[in-house]
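Have a look at the structure below before the remarks.
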Amino acid sequence: MDKPTSTLNKLPSETVLQHNRRYIPGGISSVNRSIDPAITFVRGEGAYLWDNEGKRYIDYHAGFAPYFLGHNFAPINQAAAAALTSGDSLFGAGPSIAEGRLAELICENVPAAEKITFLNTGSEATSLAIRIGRAITGRQHIIVMQGGYNGNHDELAVNVFNTLAEIGPRVSPGEYPIKPLGAGTTVMHNRFTHAVNYNDLESVRYICRRFPIAALITEPLLQNIGVVGKVKAKPGYLEGLRDLADEFGFLLVFDEVKTGFRHALGGYSQVCGVKPDLVVYGKAVANGFPLAAVAGKAEYLDSIIDPDPSRRPFVAGTYNGHPVAVAAAIETVRYLTANKDTLYPRMEAMGAAMEAGINDIFARRDITACVTRQGSAFSFYLMEKQPSDLHDIIEGHDFARDLALRRALIQRGVFFVPIATKQCSLSAAHTDADVDFTLEQFESAVATVW
């Protein structure tokens with residue numbers, strides 16, 4: 001018999017998980033949300049989460065980082081609610097006024113976006129970006145980053161969670177054995193995907209000299225799901241990718257699902273000054289509502305309507321440009337545009353305070369560790385220097401102690417998701433007092449783990 005939701009809300013999280021497992025494989029519809037300890041969150045507001053036993057946490061996970069403005073940000077929720085009551089609907093035919101308004105807002109404010117098309121998830125968007133690259137170039141092979149994550153489809157869901165036994169020692173120039181993220185894919189049969197380390201231009205050149213490359217896709221900061229928490233580009237690396245794309249004729253694709261709108265209104269491509277051919281957005285663009293996009297050079301986006309069907313990548317989706325998500329995204333981009341001159345400097349200041357505080361705690365306790373950060377996103381590594389690629393992390397980081405520290409923080413009301421090396425995300429809803437409290441609890445947690 002079904003249990004009322006109100007009854008489940010009062011049960012321990014482990015009981016809720018066991019109930020869900022009767023109907024959902026693993027009890028959770030996205031396997032990367034599975035955590036230990038299991039926590040059933042029932043409310044999110046601003047920078048805070050509450051579990052079903054009433055405990056409050058300061059949240060630094062942000063649902064894998066879409067909540068740049070905080071959970072349930074009132075202006076965005078109100079815009080979404082207005083769309084529900086306005087008579088707007090999912091008409092399934094003809095142009096949408098709201099969709100055109102959102103496209104204009106983004107293209108007018110994001111230098112990398114000359115044109116744009118909307119989808120629902122980052123995985124859909126990265127898949128389309130690769131398809132466009134293949135349609136434009138007439139080639140099949142693609143390059144991905146070792147330890148990066150660019151979506152759940154066959155050719156990109158590779159080489160994320162790996163050990164040295166699986167991929168071997170660092171190779172440069174060269175590539176790594178392809179390791180699918182899960183079963184049921186065709187990537188090992190097609191063999192069009194090539195994995196190289198981030199920050200390794202010579203390996204990109206090596207691959208390009210041996211295979212006809214259609215596209216290279218990377219996060220400009222390697223900070224998405226996977227073993228790598230957040231790795232920054234070495235000076236000249238992103239510029240070097242741009243040069244190699246021009247030299248060898250492949251499309252440079254920036255996966256800004258995580259970095260877009262978080263580090264600047266124009267995404268990280270605006271910060272670094274490197275213009276990709278295509279750029280993928282998601283997460284923060286609608287502050288948690290399900291919307292993603294592929295943007296970029298107009299000539300490449302217009303391939304979607306090429307009159308020659310043999311050159312036209314297919315794009316369709318019942319929920320593409322859904323009015324509720326579009327309304328949320330319009331309000332998000334409007335808010336960021338209106339407040340960018342104060343919002344982004346404030347996020348930088350809070351991020352810098354968090355970085356300095358954590359580094360100080362480690363230094364005073366003579367713990368070998370470092371913090372990597374860009375704006376409001378940060379990670380800590382229990383190793384001497386900031387990592388430049390996956391191999392640095394595998395060889396140097398103390399994963400077990402990292403996980404123990406995160407669990408100790410959770411006990412103290414600070415939610416760093418209990419996945420070793422995972423990125424932490426500040427939101428505009430966080431306060432200086434939240435940062436101070438977090439650092440106090442961080443020091444207390446460190447004292448129990450070391």
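Ligands are numbered from 1 in the order shown, residues from 1 within each chain, and chains are lettered A, B, ... in the order they appear in the structure tokens.
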
Counting only C-alpha atoms, which residues in range 338-383 of chain A sit no more than 12 Å from range 259-283 of chain A? For each one, give the nearest pair of atoms and the distance in Å, sorted by chain then residue number, as a tab-separated table.
```
residue	atom	partner	partner_atom	distance
A:Ala338	CA	A:Leu265	CA	10.4
A:Asn339	CA	A:Leu265	CA	10.0
A:Lys340	CA	A:Leu265	CA	7.1
A:Asp341	CA	A:Ala264	CA	10.1
A:Thr342	CA	A:Ala264	CA	11.5
A:Leu343	CA	A:Ala264	CA	9.6
A:Tyr344	CA	A:Ala264	CA	6.8
A:Pro345	CA	A:Ala264	CA	9.8
A:Arg346	CA	A:His263	CA	11.5
A:Met347	CA	A:His263	CA	8.8
A:Glu348	CA	A:His263	CA	8.8
A:Gly351	CA	A:His263	CA	11.2
A:Arg373	CA	A:His263	CA	10.8
A:Gln374	CA	A:His263	CA	7.3
A:Gly375	CA	A:His263	CA	6.0
A:Ser376	CA	A:His263	CA	7.3
A:Ala377	CA	A:His263	CA	8.5
A:Phe378	CA	A:His263	CA	11.8
```

With N, CA and C atoms retained, could you export that selection as a compact mmCIF listing (two decimals), in the first residue's frame?
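The file below, out-v4.txt, is the result:
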```txt
# COMPACT_ATOMS: atom_id res chain seq x y z
N ALA A 338 21.22 42.77 -14.73
CA ALA A 338 20.98 43.98 -13.95
C ALA A 338 21.94 44.12 -12.78
N ASN A 339 22.44 42.98 -12.26
CA ASN A 339 23.23 43.01 -11.03
C ASN A 339 24.68 42.56 -11.22
N LYS A 340 25.12 42.40 -12.46
CA LYS A 340 26.44 41.81 -12.70
C LYS A 340 27.57 42.63 -12.10
N ASP A 341 27.43 43.95 -12.04
CA ASP A 341 28.53 44.78 -11.58
C ASP A 341 28.77 44.65 -10.07
N THR A 342 27.77 44.21 -9.34
CA THR A 342 27.94 43.99 -7.90
C THR A 342 27.95 42.51 -7.53
N LEU A 343 27.18 41.71 -8.26
CA LEU A 343 27.04 40.29 -7.91
C LEU A 343 28.34 39.52 -8.09
N TYR A 344 28.96 39.63 -9.26
CA TYR A 344 30.15 38.83 -9.51
C TYR A 344 31.34 39.25 -8.63
N PRO A 345 31.56 40.54 -8.41
CA PRO A 345 32.62 40.90 -7.43
C PRO A 345 32.34 40.38 -6.03
N ARG A 346 31.09 40.39 -5.61
CA ARG A 346 30.75 39.87 -4.28
C ARG A 346 31.03 38.37 -4.21
N MET A 347 30.69 37.63 -5.27
CA MET A 347 30.95 36.20 -5.28
C MET A 347 32.45 35.93 -5.25
N GLU A 348 33.21 36.74 -5.95
CA GLU A 348 34.67 36.60 -5.92
C GLU A 348 35.21 36.84 -4.51
N GLY A 351 34.30 33.87 -2.31
CA GLY A 351 35.13 32.73 -2.68
C GLY A 351 36.56 32.89 -2.19
N ARG A 373 40.29 27.35 -6.94
CA ARG A 373 39.06 28.13 -6.95
C ARG A 373 38.99 28.98 -8.20
N GLN A 374 37.78 29.15 -8.68
CA GLN A 374 37.47 30.17 -9.66
C GLN A 374 36.17 30.82 -9.22
N GLY A 375 36.25 32.07 -8.79
CA GLY A 375 35.05 32.76 -8.35
C GLY A 375 34.37 32.04 -7.21
N SER A 376 33.15 31.60 -7.45
CA SER A 376 32.32 30.99 -6.41
C SER A 376 32.46 29.48 -6.33
N ALA A 377 33.28 28.87 -7.18
CA ALA A 377 33.45 27.41 -7.19
C ALA A 377 34.84 27.06 -6.67
N PHE A 378 34.89 26.06 -5.79
CA PHE A 378 36.19 25.70 -5.21
C PHE A 378 36.23 24.21 -4.88
```

Item to check | Trp450 in chain A environment, 10 Å, only C-alpha atoms, sequence neighbours closer than 4 positions dropped, as a PyMOL selection string | outcome: chain A and resi 365+367+401+404-405+445-446

With N, CA and C atoms kept, could you save the residues just selected as an mmCIF file, in the first residue's frame?
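Contents of the output file again36.cif:
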```cif
data_model
loop_
_atom_site.group_PDB
_atom_site.id
_atom_site.type_symbol
_atom_site.label_atom_id
_atom_site.label_comp_id
_atom_site.auth_asym_id
_atom_site.auth_seq_id
_atom_site.Cartn_x
_atom_site.Cartn_y
_atom_site.Cartn_z
ATOM 1 N N ARG A 365 47.733 23.749 10.879
ATOM 2 C CA ARG A 365 47.817 22.378 11.383
ATOM 3 C C ARG A 365 48.883 21.557 10.652
ATOM 4 N N ILE A 367 49.148 20.625 7.602
ATOM 5 C CA ILE A 367 48.582 19.596 6.720
ATOM 6 C C ILE A 367 48.922 19.946 5.284
ATOM 7 N N ARG A 401 40.657 10.329 3.278
ATOM 8 C CA ARG A 401 40.588 11.401 4.275
ATOM 9 C C ARG A 401 39.699 12.549 3.783
ATOM 10 N N ALA A 404 36.241 11.442 4.580
ATOM 11 C CA ALA A 404 36.012 11.521 6.025
ATOM 12 C C ALA A 404 35.771 12.963 6.463
ATOM 13 N N LEU A 405 36.507 13.897 5.889
ATOM 14 C CA LEU A 405 36.348 15.305 6.226
ATOM 15 C C LEU A 405 34.970 15.810 5.808
ATOM 16 N N ALA A 445 36.086 19.972 12.055
ATOM 17 C CA ALA A 445 36.088 18.689 11.341
ATOM 18 C C ALA A 445 37.504 18.209 11.080
ATOM 19 N N VAL A 446 38.393 19.130 10.693
ATOM 20 C CA VAL A 446 39.785 18.753 10.469
ATOM 21 C C VAL A 446 40.395 18.171 11.735
#
```

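Among the candidates A:Pro418, A:Pro75, A:Pro290, A:Gly122, the one nearest to Ala38 in chain A when counting only C-alpha atoms is A:Pro418.
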
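Running DSSP on the backbone gives strand (DSSP E) for these residues within range 225-403 of chain A: Leu251, Leu252, Val253, Phe254, Asp255, Glu256, Leu278, Val279, Val280, Tyr281, Ala292, Ala293, Val294, Ala295, Gly296, Cys370, Val371, Thr372, Arg373, Gln374, Ala377, Phe378, Ser379, Phe380 and Tyr381 of chain A.
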
Store the residues picked out above, limited to C-alpha atoms, as a compact mmCIF listing (two decimals), in the first residue's frame.
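Result file is result_21.txt:
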```txt
# COMPACT_ATOMS: atom_id res chain seq x y z
CA LEU A 251 35.25 22.68 -33.96
CA LEU A 252 36.25 23.79 -30.48
CA VAL A 253 33.34 23.13 -28.10
CA PHE A 254 33.29 24.58 -24.60
CA ASP A 255 31.07 22.66 -22.22
CA GLU A 256 29.94 25.50 -19.96
CA LEU A 278 30.18 26.16 -30.03
CA VAL A 279 29.34 26.53 -26.37
CA VAL A 280 26.94 24.51 -24.22
CA TYR A 281 24.99 25.98 -21.32
CA ALA A 292 20.05 23.80 -21.61
CA ALA A 293 21.33 25.38 -24.80
CA VAL A 294 23.81 25.13 -27.62
CA ALA A 295 25.11 28.49 -28.78
CA GLY A 296 27.97 29.68 -30.91
CA CYS A 370 45.73 23.23 -1.29
CA VAL A 371 42.57 24.87 -2.59
CA THR A 372 41.68 25.50 -6.22
CA ARG A 373 39.06 28.13 -6.95
CA GLN A 374 37.47 30.17 -9.66
CA ALA A 377 33.45 27.41 -7.19
CA PHE A 378 36.19 25.70 -5.21
CA SER A 379 37.70 22.34 -4.29
CA PHE A 380 40.37 21.25 -1.83
CA TYR A 381 43.05 18.67 -2.49
```

Next on the checklist: Would you pick out the contacts of Gly138 in chain A at 10 Å or less, using only C-alpha atoms, so that residues sharing its chain but fewer than 2 positions from it are not included, and give the list as an MDAnalysis selection string?
Outcome noted: chainID A and resid 132:136 140:141 212:214 311

I need the residues from that last selection saved to file as a tab-separated table (two decimals), in the first residue's frame (with C-alpha atoms), if you can.
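Here's the written file out02.tsv:
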```
chain	number	residue	atom	x	y	z
A	132	ILE	CA	26.86	19.78	-35.37
A	133	GLY	CA	30.64	19.39	-35.38
A	134	ARG	CA	30.36	16.22	-37.43
A	135	ALA	CA	27.84	17.76	-39.82
A	136	ILE	CA	30.02	20.82	-40.40
A	140	GLN	CA	33.60	11.41	-37.16
A	141	HIS	CA	36.38	11.47	-34.56
A	212	PRO	CA	40.20	13.35	-38.87
A	213	ILE	CA	38.86	15.23	-35.85
A	214	ALA	CA	35.38	16.75	-36.01
A	311	ARG	CA	24.27	18.30	-44.16
```

Checklist entry - In range 85-324 of chain A, what's helix (DSSP H, G or I) per DSSP? Answer as number ranges by chain? => result A: 85, 97-109, 122-137, 164-167, 187-190, 201-208, 237-248, 267-272, 283-286, 298-305, 309-311, 323-324
